[in-house]
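Asks: Structure file data_7.txt (compact mmCIF, C-alpha atoms (C1' of nucleotides)) is given on the next line.
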```
# COMPACT_ATOMS: atom_id res chain seq x y z
CA MET A 29 -19.82 13.11 -34.32
CA GLU A 30 -19.25 16.84 -33.99
CA LYS A 31 -16.25 18.07 -32.11
CA VAL A 32 -18.52 19.99 -29.80
CA GLU A 33 -20.05 16.72 -28.63
CA LEU A 34 -16.63 15.24 -28.03
CA ILE A 35 -15.55 17.74 -25.40
CA PRO A 36 -18.03 16.82 -22.64
CA GLU A 37 -17.07 13.18 -23.14
CA LEU A 38 -13.40 14.09 -22.72
CA LEU A 39 -14.24 16.15 -19.65
CA GLU A 40 -15.72 13.12 -17.95
CA LEU A 41 -12.67 11.05 -18.77
CA PHE A 42 -10.16 13.59 -17.49
CA ARG A 43 -11.96 14.30 -14.28
CA GLU A 44 -12.40 10.62 -13.54
CA HIS A 45 -8.91 9.41 -14.38
CA GLY A 46 -6.66 12.46 -14.36
CA TYR A 47 -4.46 13.45 -17.27
CA GLU A 48 -2.01 10.58 -17.13
CA GLY A 49 -4.76 8.10 -16.45
CA VAL A 50 -6.47 8.81 -19.76
CA SER A 51 -5.08 7.03 -22.83
CA ILE A 52 -6.01 7.61 -26.45
CA ALA A 53 -7.37 4.06 -26.47
CA HIS A 54 -9.74 4.99 -23.59
CA VAL A 55 -10.86 8.05 -25.50
CA SER A 56 -11.37 5.99 -28.60
CA LYS A 57 -13.53 3.51 -26.72
CA ALA A 58 -15.53 6.20 -24.90
CA THR A 59 -16.26 8.22 -28.02
CA GLY A 60 -16.55 5.39 -30.52
CA LEU A 61 -14.05 7.12 -32.79
CA GLY A 62 -10.86 5.52 -34.07
CA LYS A 63 -7.50 6.89 -33.06
CA SER A 64 -6.92 8.56 -36.40
CA SER A 65 -10.25 10.34 -36.22
CA LEU A 66 -9.26 11.69 -32.85
CA TYR A 67 -5.98 12.98 -34.23
CA HIS A 68 -7.92 14.56 -37.04
CA HIS A 69 -9.90 16.61 -34.50
CA PHE A 70 -6.98 17.15 -32.14
CA PRO A 71 -3.77 17.21 -34.20
CA GLU A 72 -1.68 17.88 -31.10
CA GLY A 73 -3.06 14.82 -29.39
CA LYS A 74 -3.92 14.42 -25.75
CA GLU A 75 -2.45 17.73 -24.67
CA GLN A 76 -4.76 19.56 -27.03
CA MET A 77 -7.72 17.54 -25.78
CA ALA A 78 -7.04 18.63 -22.22
CA LYS A 79 -6.58 22.24 -23.25
CA GLU A 80 -9.86 22.34 -25.13
CA VAL A 81 -11.62 20.71 -22.19
CA LEU A 82 -10.22 23.44 -19.98
CA GLU A 83 -11.48 26.14 -22.34
CA TYR A 84 -14.87 24.51 -22.23
CA ILE A 85 -14.80 24.39 -18.44
CA HIS A 86 -13.74 27.99 -18.22
CA SER A 87 -16.74 29.07 -20.23
CA ALA A 88 -19.01 26.73 -18.27
CA VAL A 89 -17.77 28.25 -15.01
CA ASP A 90 -18.46 31.70 -16.42
CA GLN A 91 -21.91 30.75 -17.56
CA TYR A 92 -23.08 28.70 -14.59
CA PHE A 93 -21.21 30.29 -11.70
CA VAL A 94 -19.69 33.66 -12.46
CA LEU A 95 -22.50 35.30 -14.43
CA PRO A 96 -25.32 34.30 -12.05
CA LEU A 97 -23.27 35.55 -9.11
CA LYS A 98 -22.77 38.89 -10.87
CA ALA A 99 -26.46 39.24 -11.66
CA GLU A 100 -28.92 41.14 -9.50
CA GLY A 101 -30.10 39.32 -6.40
CA GLU A 102 -29.77 38.67 -2.69
CA PRO A 103 -26.21 37.50 -1.83
CA LEU A 104 -27.42 34.59 0.28
CA GLU A 105 -29.87 33.55 -2.41
CA LYS A 106 -27.27 33.69 -5.17
CA LEU A 107 -24.84 31.57 -3.16
CA ALA A 108 -27.57 29.04 -2.40
CA GLN A 109 -28.27 28.73 -6.09
CA MET A 110 -24.58 28.31 -6.80
CA ALA A 111 -24.47 25.53 -4.21
CA GLN A 112 -27.32 23.84 -6.01
CA VAL A 113 -25.49 23.94 -9.32
CA VAL A 114 -22.26 22.74 -7.69
CA GLU A 115 -24.05 19.71 -6.30
CA THR A 116 -25.46 18.85 -9.70
CA PHE A 117 -22.24 19.52 -11.55
CA TYR A 118 -20.24 17.21 -9.31
CA ASP A 119 -23.05 14.67 -9.08
CA CYS A 120 -23.15 14.95 -5.29
CA GLY A 121 -19.37 14.52 -5.11
CA ARG A 122 -19.13 11.41 -7.21
CA LYS A 123 -17.62 13.07 -10.24
CA GLY A 124 -14.22 14.35 -9.25
CA CYS A 125 -12.68 17.56 -10.44
CA LEU A 126 -10.41 18.81 -13.16
CA VAL A 127 -8.53 21.01 -10.71
CA ASP A 128 -7.41 17.77 -9.18
CA GLY A 129 -6.94 15.65 -12.28
CA LEU A 130 -5.14 18.28 -14.30
CA THR A 131 -2.67 19.54 -11.72
CA ILE A 132 -1.12 16.27 -10.56
CA GLY A 133 2.09 15.08 -12.17
CA GLU A 134 4.58 16.87 -14.36
CA ALA A 135 2.66 15.96 -17.51
CA SER A 136 -0.02 18.34 -16.22
CA GLU A 137 2.25 21.36 -16.16
CA PRO A 138 1.03 22.83 -19.47
CA PHE A 139 -2.44 23.24 -17.94
CA GLN A 140 -1.56 24.97 -14.71
CA ASN A 141 -2.21 28.46 -16.06
CA GLN A 142 -5.61 27.61 -17.46
CA VAL A 143 -6.64 25.84 -14.26
CA ALA A 144 -5.50 28.76 -12.13
CA GLN A 145 -7.41 31.15 -14.38
CA PHE A 146 -10.87 29.65 -14.14
CA LEU A 147 -10.44 28.88 -10.46
CA ASP A 148 -9.45 32.46 -9.82
CA ALA A 149 -12.38 33.80 -11.83
CA TRP A 150 -14.74 31.71 -9.74
CA ILE A 151 -13.19 32.83 -6.45
CA ASP A 152 -13.38 36.46 -7.56
CA ALA A 153 -17.06 36.17 -8.34
CA ILE A 154 -17.82 34.73 -4.91
CA ALA A 155 -15.71 37.39 -3.23
CA ALA A 156 -17.68 40.08 -5.06
CA VAL A 157 -20.91 38.68 -3.66
CA ALA A 158 -19.42 38.67 -0.17
CA VAL A 159 -18.43 42.31 -0.58
CA GLU A 160 -21.97 43.01 -1.76
CA ALA A 161 -23.15 41.48 1.50
CA GLY A 162 -21.05 43.88 3.52
CA LEU A 163 -17.76 42.06 4.14
CA ASN A 164 -14.52 43.93 3.63
CA LYS A 165 -12.40 43.03 0.62
CA LYS A 166 -9.73 41.02 2.37
CA LEU A 167 -12.18 38.94 4.36
CA ALA A 168 -14.39 38.45 1.32
CA ARG A 169 -11.49 37.05 -0.66
CA GLU A 170 -10.56 34.70 2.20
CA ARG A 171 -14.11 33.42 2.52
CA ALA A 172 -14.33 32.87 -1.23
CA GLU A 173 -11.08 30.95 -1.16
CA SER A 174 -12.45 28.92 1.72
CA ALA A 175 -15.53 28.10 -0.34
CA LEU A 176 -13.42 26.67 -3.15
CA ILE A 177 -11.23 24.87 -0.64
CA ALA A 178 -14.33 23.31 0.87
CA ILE A 179 -15.58 22.20 -2.55
CA GLN A 180 -12.27 20.72 -3.65
CA GLY A 181 -11.48 19.21 -0.27
CA GLY A 182 -15.01 17.86 -0.06
CA LEU A 183 -14.54 16.09 -3.36
CA VAL A 184 -11.22 14.58 -2.29
CA VAL A 185 -12.37 13.44 1.15
CA ALA A 186 -15.76 12.19 -0.05
CA ARG A 187 -14.10 10.14 -2.77
CA ALA A 188 -11.45 8.80 -0.39
CA LEU A 189 -14.00 7.76 2.24
CA ARG A 190 -16.61 6.85 -0.36
CA ASN A 191 -19.04 8.85 1.70
CA TYR A 192 -20.90 11.32 -0.45
CA GLN A 193 -23.05 12.65 2.35
CA ILE A 194 -19.96 14.57 3.36
CA PHE A 195 -19.95 16.45 0.08
CA LYS A 196 -23.64 17.20 0.31
CA ARG A 197 -23.16 18.71 3.77
CA VAL A 198 -20.26 20.84 2.59
CA VAL A 199 -22.22 22.17 -0.33
CA LYS A 200 -25.28 22.87 1.75
CA ASN A 201 -23.19 24.97 4.12
CA LEU A 202 -21.43 26.96 1.41
CA PRO A 203 -23.59 30.10 1.66
CA ARG A 204 -23.10 30.26 5.41
CA LEU A 205 -19.39 29.57 5.06
CA VAL A 206 -19.02 32.62 2.83
CA LEU A 207 -21.31 35.03 4.63
CA GLU A 208 -20.86 33.97 8.24
CA GLY A 209 -17.60 32.08 8.10
CA ARG A 210 -19.32 28.99 9.40
CA TYR A 211 -18.99 25.55 7.93
CA MET B 5 20.39 1.03 0.47
CA GLU B 6 18.04 -0.35 3.11
CA LYS B 7 14.41 -0.81 2.21
CA VAL B 8 13.44 1.42 5.10
CA GLU B 9 15.25 4.32 3.42
CA LEU B 10 13.49 3.66 0.13
CA ILE B 11 9.99 4.23 1.42
CA PRO B 12 10.27 7.97 2.18
CA GLU B 13 11.78 8.43 -1.27
CA LEU B 14 8.81 6.62 -2.81
CA LEU B 15 6.41 8.66 -0.72
CA GLU B 16 7.77 11.86 -2.22
CA LEU B 17 7.40 10.48 -5.72
CA PHE B 18 3.82 9.32 -5.26
CA ARG B 19 2.61 12.48 -3.65
CA GLU B 20 4.23 14.64 -6.29
CA HIS B 21 3.20 12.70 -9.38
CA GLY B 22 0.31 10.46 -8.36
CA TYR B 23 0.27 6.72 -8.89
CA GLU B 24 0.07 6.69 -12.67
CA GLY B 25 2.57 9.52 -12.93
CA VAL B 26 5.32 7.48 -11.29
CA SER B 27 7.20 5.07 -13.53
CA ILE B 28 9.71 2.44 -12.46
CA ALA B 29 12.29 4.38 -14.41
CA HIS B 30 11.55 7.47 -12.26
CA VAL B 31 11.89 5.40 -9.14
CA SER B 32 15.14 3.96 -10.41
CA LYS B 33 16.53 7.41 -11.05
CA ALA B 34 15.34 8.84 -7.75
CA THR B 35 16.72 6.00 -5.65
CA GLY B 36 19.81 5.21 -7.68
CA LEU B 37 18.81 1.55 -7.83
CA GLY B 38 18.38 -0.44 -11.03
CA LYS B 39 15.01 -1.83 -11.99
CA SER B 40 15.90 -5.36 -10.95
CA SER B 41 17.01 -4.19 -7.52
CA LEU B 42 13.67 -2.52 -7.10
CA TYR B 43 11.85 -5.71 -8.04
CA HIS B 44 14.03 -7.54 -5.55
CA HIS B 45 12.68 -5.30 -2.78
CA PHE B 46 9.18 -5.11 -4.19
CA PRO B 47 8.41 -8.35 -6.04
CA GLU B 48 4.91 -7.19 -6.86
CA GLY B 49 6.19 -4.03 -8.47
CA LYS B 50 4.69 -0.60 -8.33
CA GLU B 51 1.51 -1.68 -6.63
CA GLN B 52 3.48 -3.07 -3.73
CA MET B 53 5.51 0.12 -3.54
CA ALA B 54 2.37 2.18 -3.14
CA LYS B 55 0.95 -0.19 -0.56
CA GLU B 56 4.07 -0.08 1.57
CA VAL B 57 4.14 3.69 1.31
CA LEU B 58 0.58 3.72 2.58
CA GLU B 59 1.48 1.47 5.51
CA TYR B 60 4.30 3.86 6.29
CA ILE B 61 1.96 6.83 6.11
CA HIS B 62 -0.61 5.13 8.29
CA SER B 63 1.95 4.61 11.03
CA ALA B 64 3.26 8.14 10.56
CA VAL B 65 -0.26 9.52 10.95
CA ASP B 66 -0.66 7.46 14.11
CA GLN B 67 2.61 8.63 15.51
CA TYR B 68 2.48 12.30 14.59
CA PHE B 69 -1.24 13.04 14.62
CA VAL B 70 -3.37 10.41 16.36
CA LEU B 71 -1.24 9.65 19.42
CA PRO B 72 -0.50 13.28 20.33
CA LEU B 73 -4.20 14.08 20.00
CA LYS B 74 -5.05 11.21 22.33
CA ALA B 75 -2.48 12.28 24.92
CA GLU B 76 -3.29 14.47 27.90
CA GLY B 77 -3.60 18.15 27.17
CA GLU B 78 -5.77 21.14 26.40
CA PRO B 79 -7.89 20.51 23.26
CA LEU B 80 -7.03 23.85 21.67
CA GLU B 81 -3.37 23.36 22.44
CA LYS B 82 -3.31 19.85 20.97
CA LEU B 83 -4.98 21.03 17.78
CA ALA B 84 -2.55 23.92 17.47
CA GLN B 85 0.33 21.49 17.71
CA MET B 86 -1.27 19.26 15.11
CA ALA B 87 -1.57 22.28 12.82
CA GLN B 88 2.11 22.95 13.29
CA VAL B 89 3.01 19.39 12.28
CA VAL B 90 0.64 19.53 9.30
CA GLU B 91 2.36 22.65 8.02
CA THR B 92 5.74 21.00 8.27
CA PHE B 93 4.60 17.70 6.81
CA TYR B 94 3.14 19.34 3.72
CA ASP B 95 5.97 21.86 3.48
CA CYS B 96 3.53 24.77 3.71
CA GLY B 97 1.35 23.22 1.03
CA ARG B 98 4.04 22.63 -1.54
CA LYS B 99 4.18 18.88 -1.14
CA GLY B 100 0.85 17.48 -2.27
CA CYS B 101 -0.93 14.61 -0.67
CA LEU B 102 -1.26 10.88 -1.06
CA VAL B 103 -5.01 11.04 -0.53
CA ASP B 104 -5.05 12.89 -3.80
CA GLY B 105 -2.38 11.03 -5.69
CA LEU B 106 -3.51 7.56 -4.72
CA THR B 107 -7.24 7.91 -5.30
CA ILE B 108 -7.29 9.30 -8.86
CA GLY B 109 -7.69 6.89 -11.74
CA GLU B 110 -8.73 3.28 -11.84
CA ALA B 111 -5.17 2.07 -11.32
CA SER B 112 -5.49 3.52 -7.81
CA GLU B 113 -8.40 1.34 -6.83
CA PRO B 114 -6.36 -1.22 -4.89
CA PHE B 115 -5.36 1.53 -2.44
CA GLN B 116 -8.76 2.98 -1.65
CA ASN B 117 -9.22 0.93 1.49
CA GLN B 118 -5.88 1.84 2.95
CA VAL B 119 -6.34 5.51 2.15
CA ALA B 120 -9.79 5.50 3.72
CA GLN B 121 -8.41 3.80 6.81
CA PHE B 122 -5.72 6.26 7.76
CA LEU B 123 -7.89 9.20 6.83
CA ASP B 124 -10.66 7.89 9.02
CA ALA B 125 -8.28 7.26 11.92
CA TRP B 126 -7.10 10.83 11.70
CA ILE B 127 -10.63 12.24 11.58
CA ASP B 128 -11.63 10.10 14.56
CA ALA B 129 -8.77 11.41 16.62
CA ILE B 130 -9.71 15.00 15.90
CA ALA B 131 -13.36 14.28 16.66
CA ALA B 132 -12.36 12.80 20.03
CA VAL B 133 -10.57 16.01 20.91
CA ALA B 134 -13.64 18.01 19.93
CA VAL B 135 -15.79 15.83 22.19
CA GLU B 136 -13.26 16.37 24.94
CA ALA B 137 -13.78 20.10 24.44
CA GLY B 138 -17.50 19.71 24.96
CA LEU B 139 -18.99 19.29 21.49
CA ASN B 140 -21.57 16.58 20.93
CA LYS B 141 -20.54 13.53 18.96
CA LYS B 142 -22.27 14.34 15.70
CA LEU B 143 -21.00 17.90 15.56
CA ALA B 144 -17.52 16.78 16.62
CA ARG B 145 -17.38 14.33 13.73
CA GLU B 146 -18.55 17.00 11.28
CA ARG B 147 -15.96 19.47 12.46
CA ALA B 148 -13.23 16.85 12.24
CA GLU B 149 -14.29 16.04 8.70
CA SER B 150 -14.24 19.73 7.91
CA ALA B 151 -10.69 19.93 9.22
CA LEU B 152 -9.51 17.24 6.83
CA ILE B 153 -11.53 18.80 4.03
CA ALA B 154 -9.80 22.09 4.70
CA ILE B 155 -6.37 20.45 4.67
CA GLN B 156 -6.96 18.51 1.47
CA GLY B 157 -8.78 21.33 -0.26
CA GLY B 158 -6.10 23.75 0.87
CA LEU B 159 -3.46 21.60 -0.78
CA VAL B 160 -5.42 21.37 -4.03
CA VAL B 161 -6.28 25.06 -4.27
CA ALA B 162 -2.85 26.25 -3.12
CA ARG B 163 -1.16 24.09 -5.74
CA ALA B 164 -3.59 25.13 -8.45
CA LEU B 165 -3.17 28.85 -7.75
CA ARG B 166 0.48 28.44 -6.78
CA ASN B 167 -0.30 30.52 -3.74
CA TYR B 168 0.95 28.82 -0.63
CA GLN B 169 -0.12 31.58 1.72
CA ILE B 170 -3.59 30.12 1.31
CA PHE B 171 -2.50 26.84 2.82
CA LYS B 172 -0.76 28.56 5.70
CA ARG B 173 -3.95 30.45 6.52
CA VAL B 174 -6.04 27.30 6.41
CA VAL B 175 -3.67 25.49 8.73
CA LYS B 176 -3.46 28.38 11.14
CA ASN B 177 -7.23 28.40 11.45
CA LEU B 178 -7.61 24.66 11.96
CA PRO B 179 -7.99 24.73 15.76
CA ARG B 180 -10.70 27.38 15.53
CA LEU B 181 -12.43 25.53 12.71
CA VAL B 182 -12.76 22.46 14.90
CA LEU B 183 -13.66 24.07 18.19
CA GLU B 184 -15.63 27.09 17.06
CA GLY B 185 -16.65 26.11 13.57
CA ARG B 186 -14.93 29.15 12.19
CA TYR B 187 -12.49 29.18 9.32
C1' DG C 17 -13.98 12.34 -41.50
C1' DT C 18 -13.29 7.85 -40.63
C1' DC C 19 -11.01 3.51 -41.06
C1' DT C 20 -6.96 -0.24 -41.00
C1' DA C 21 -2.37 -0.89 -40.56
C1' DT C 22 1.84 0.29 -38.72
C1' DA C 23 5.82 2.68 -36.62
C1' DC C 24 7.91 3.94 -32.52
C1' DT C 25 8.53 4.81 -27.61
C1' DA C 26 7.92 4.15 -22.85
C1' DG C 27 6.50 1.44 -19.17
C1' DG C 28 6.19 -2.90 -16.44
C1' DA C 29 8.35 -6.96 -15.50
C1' DT C 30 11.76 -11.05 -15.68
C1' DA C 31 16.21 -13.95 -16.54
C1' DG C 32 20.50 -14.82 -15.36
C1' DA C 33 25.35 -13.29 -14.40
C1' DC C 34 28.17 -11.38 -10.69
C1' DG D 11 21.55 -7.26 -3.50
C1' DT D 12 22.75 -5.27 -7.66
C1' DC D 13 23.68 -5.18 -12.47
C1' DT D 14 22.93 -5.80 -17.89
C1' DA D 15 20.12 -7.52 -21.18
C1' DT D 16 15.78 -8.65 -22.77
C1' DC D 17 10.67 -9.38 -23.30
C1' DC D 18 6.12 -7.91 -23.71
C1' DT D 19 2.44 -4.82 -23.51
C1' DA D 20 0.38 -0.46 -23.75
C1' DG D 21 0.72 4.10 -25.20
C1' DT D 22 1.42 7.97 -28.62
C1' DA D 23 1.37 9.10 -33.08
C1' DT D 24 1.34 8.76 -38.34
C1' DA D 25 0.52 6.98 -43.28
C1' DG D 26 -2.49 6.13 -46.62
C1' DA D 27 -6.82 3.98 -48.38
C1' DC D 28 -11.86 4.81 -48.67
```
Here is the file; what I need is its structure written in the form of structure tokens.

Replies:
Amino acid sequence: MEKVELIPELLELFREHGYEGVSIAHVSKATGLGKSSLYHHFPEGKEQMAKEVLEYIHSAVDQYFVLPLKAEGEPLEKLAQMAQVVETFYDCGRKGCLVDGLTIGEASEPFQNQVAQFLDAWIDAIAAVAVEAGLNKKLARERAESALIAIQGGLVVARALRNYQIFKRVVKNLPRLVLEGRY
Amino acid sequence: MEKVELIPELLELFREHGYEGVSIAHVSKATGLGKSSLYHHFPEGKEQMAKEVLEYIHSAVDQYFVLPLKAEGEPLEKLAQMAQVVETFYDCGRKGCLVDGLTIGEASEPFQNQVAQFLDAWIDAIAAVAVEAGLNKKLARERAESALIAIQGGLVVARALRNYQIFKRVVKNLPRLVLEGRY
DNA sequence: GTCTATACTAGGATAGAC
DNA sequence: GTCTATCCTAGTATAGAC
């Protein structure tokens, strides 16, 4: 098994169970590799696993969210497409999020910078689209923040109530939230 | 130390570290009680601790959020007061939330029902105020859900970016979010 | 690169004295 | 009701063979 195939597997584990909820034994079972093989690929253990997952996520966010938003296109249309990808990525809200799983607890402290980085990059890209659509900079940033708040909050509330329709509604309204300020 | 004084201490621990992030040793240190004393108060161990914290939170939500919203008063005014209490309760977003901490990971499964219950009670109370203000039932429910989504998402994003102004803005806009649908 | 075996630590929980 | 001492399991990590 190539290391590059390991990372998406680890991503699923971390976003489902959070950092402290994932044990090497879990990873071993999920990947089919023995503990020693895992330490061969990740000599610094679980912390390194999380860090490499975050690098992977950062580049995925760039590829699937940031770059398409920066491409040519109608603002509303680009946001609608982003919403589509968000829905898929989070499996309609069932999947949970790294922002959540990797910021809770003191064991998660080493990841805070990386999490903040990709989140900020995403917010910036949305804000740029809002500016493109005619909003002033300050308002654009606020709306972009609100979009991420809606996504993250939608994941938390949908999971807590086990009602994934809620997440679908949130995602569907994302373009309007950014461009009109409506939910 | 009375049991009733232990619960708020436990609440702080769980919302800061999440369920799996809290160890009995942590609890012992934070409360000053030895492990055996803790098991005297909570014979079923950590799981019981979390459950009693959730009971405590449920009654706190009733007392501080649900009842005031059900009392006589202007809808906008009642929501503004709720926002005030939310800001205090979460210490301007610094404190983290049980909905988060007690729904991540499989070890948290026993708490899902309790979490869903108090969250739902809170949403219902907000929706009732929205109906009072003239919104139809379906829209009122959606706006109330959006309010909780904004609170939870605000906590997650503010913590991740370590920018607590974001949470303050979210909270300040809560009444408008519910009654006008604006952020 | 993967395995088995093993060391070591931390976490959850209990027994029994005071 | 609290303590010390102890048990057991699960978790992290490493050694060394193949």

Asks: Residues of chain B no more than 9 Å from chain C, counting all atoms listed in the file: send them over as a list in words.

Replies: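 Using all atoms listed in the file, chain B residues at most 9 Å from chain C: Ser27, Ile28, Ala29, Ser40, Tyr43, Gly49 and Lys50 of chain B.
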
Asks: Compile the contact shell of B:Gln67 as a PDB file with C-alpha atoms, keeping the file's coordinate frame: residues with an atom at most 12 Å away, counting only C-alpha atoms (C1' of nucleotides), same-chain residues fewer than 3 positions apart removed.

Replies:
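Listed below is the output, out_10.pdb:
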```pdb
ATOM      1  CA  TYR B  60       4.300   3.860   6.290  1.00  0.00           C
ATOM      2  CA  ILE B  61       1.960   6.830   6.110  1.00  0.00           C
ATOM      3  CA  HIS B  62      -0.610   5.130   8.290  1.00  0.00           C
ATOM      4  CA  SER B  63       1.950   4.610  11.030  1.00  0.00           C
ATOM      5  CA  ALA B  64       3.260   8.140  10.560  1.00  0.00           C
ATOM      6  CA  VAL B  70      -3.370  10.410  16.360  1.00  0.00           C
ATOM      7  CA  LEU B  71      -1.240   9.650  19.420  1.00  0.00           C
ATOM      8  CA  PRO B  72      -0.500  13.280  20.330  1.00  0.00           C
ATOM      9  CA  LEU B  73      -4.200  14.080  20.000  1.00  0.00           C
ATOM     10  CA  LYS B  74      -5.050  11.210  22.330  1.00  0.00           C
ATOM     11  CA  ALA B  75      -2.480  12.280  24.920  1.00  0.00           C
ATOM     12  CA  MET B  86      -1.270  19.260  15.110  1.00  0.00           C
ATOM     13  CA  VAL B  89       3.010  19.390  12.280  1.00  0.00           C
ATOM     14  CA  PHE B 122      -5.720   6.260   7.760  1.00  0.00           C
ATOM     15  CA  ALA B 125      -8.280   7.260  11.920  1.00  0.00           C
ATOM     16  CA  TRP B 126      -7.100  10.830  11.700  1.00  0.00           C
ATOM     17  CA  ALA B 129      -8.770  11.410  16.620  1.00  0.00           C
TER      18      ALA B 129
END
```

Asks: Which chain A residues have any atom within 7 Å of an atom of chain B, and for each, what is the nearest pair of atoms with distance in Å to one decimal, counting all atoms listed in the file, rows sorted by chain and number, as a tab-separated table?

Replies:
```
residue	atom	partner	partner_atom	distance
A:Glu44	CA	B:Gly109	CA	6.3
A:His45	CA	B:Gly109	CA	3.8
A:Gly46	CA	B:Gly109	CA	6.2
A:Glu48	CA	B:Glu24	CA	6.3
A:Gly49	CA	B:Gly109	CA	5.7
A:Val127	CA	B:Ala164	CA	6.8
A:Asp128	CA	B:Val160	CA	6.6
A:Thr131	CA	B:Ala164	CA	6.5
A:Ile132	CA	B:His21	CA	5.7
A:Gly133	CA	B:His21	CA	3.8
A:Glu134	CA	B:His21	CA	6.6
A:Gln140	CA	B:Ala164	CA	6.6
A:Val143	CA	B:Ala164	CA	6.6
A:Ala144	CA	B:Leu165	CA	5.0
A:Ile177	CA	B:Gly157	CA	4.3
A:Ala178	CA	B:Gly157	CA	6.0
A:Gln180	CA	B:Gly157	CA	4.9
A:Gly181	CA	B:Gly157	CA	3.4
A:Gly182	CA	B:Ile153	CA	5.5
A:Val184	CA	B:Asp104	CA	6.6
A:Val185	CA	B:Ile153	CA	6.1
A:Ala188	CA	B:Ala120	CA	5.5
A:Leu189	CA	B:Ala120	CA	5.0
A:Gly209	CA	B:Arg186	CA	5.7
A:Arg210	CA	B:Arg186	CA	5.2
A:Tyr211	CA	B:Gly185	CA	6.1
```

Asks: Which residue, B:Leu37, B:Ala132, B:Ile11, B:Val31, has the smallest gap to chain D when you use all atoms listed in the file?

Replies: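 Ranking B:Leu37, B:Ala132, B:Ile11, B:Val31 by distance to chain D, first place goes to B:Leu37.
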
Asks: When you get a sec, could you note down which chain D residues fall within 10 Å of chain A, using all atoms listed in the file, as a list in words?

Replies: DA20, DG21, DT22, DA23 and DT24 of chain D

Asks: Quick one: pull the distance between atom CA of B:Asp95 and atom CA of B:Asn167, Å, one decimal.

Replies: 12.9 Å

Asks: Using Å and a single decimal, report how far atom CA of A:Glu80 sits from atom CA of A:Pro138.

Replies: 12.3 Å

Asks: Pair the Cα atoms of chain A and chain B in order, fit the first onto the second, and let me know the RMSD in Å.

Replies: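 The optimal C-alpha superposition leaves an RMSD of 0.1 Å.
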
Asks: Could you tell me how far atom CA of A:His54 lies from atom CA of A:Tyr192, in Å and to one decimal?

Replies: 26.5 Å

Asks: Would you please work out which residue, of A:Glu137, A:Glu40, A:Asp152, A:Glu160, is nearest to A:Val81 when using all atoms listed in the file?

Replies: A:Glu40
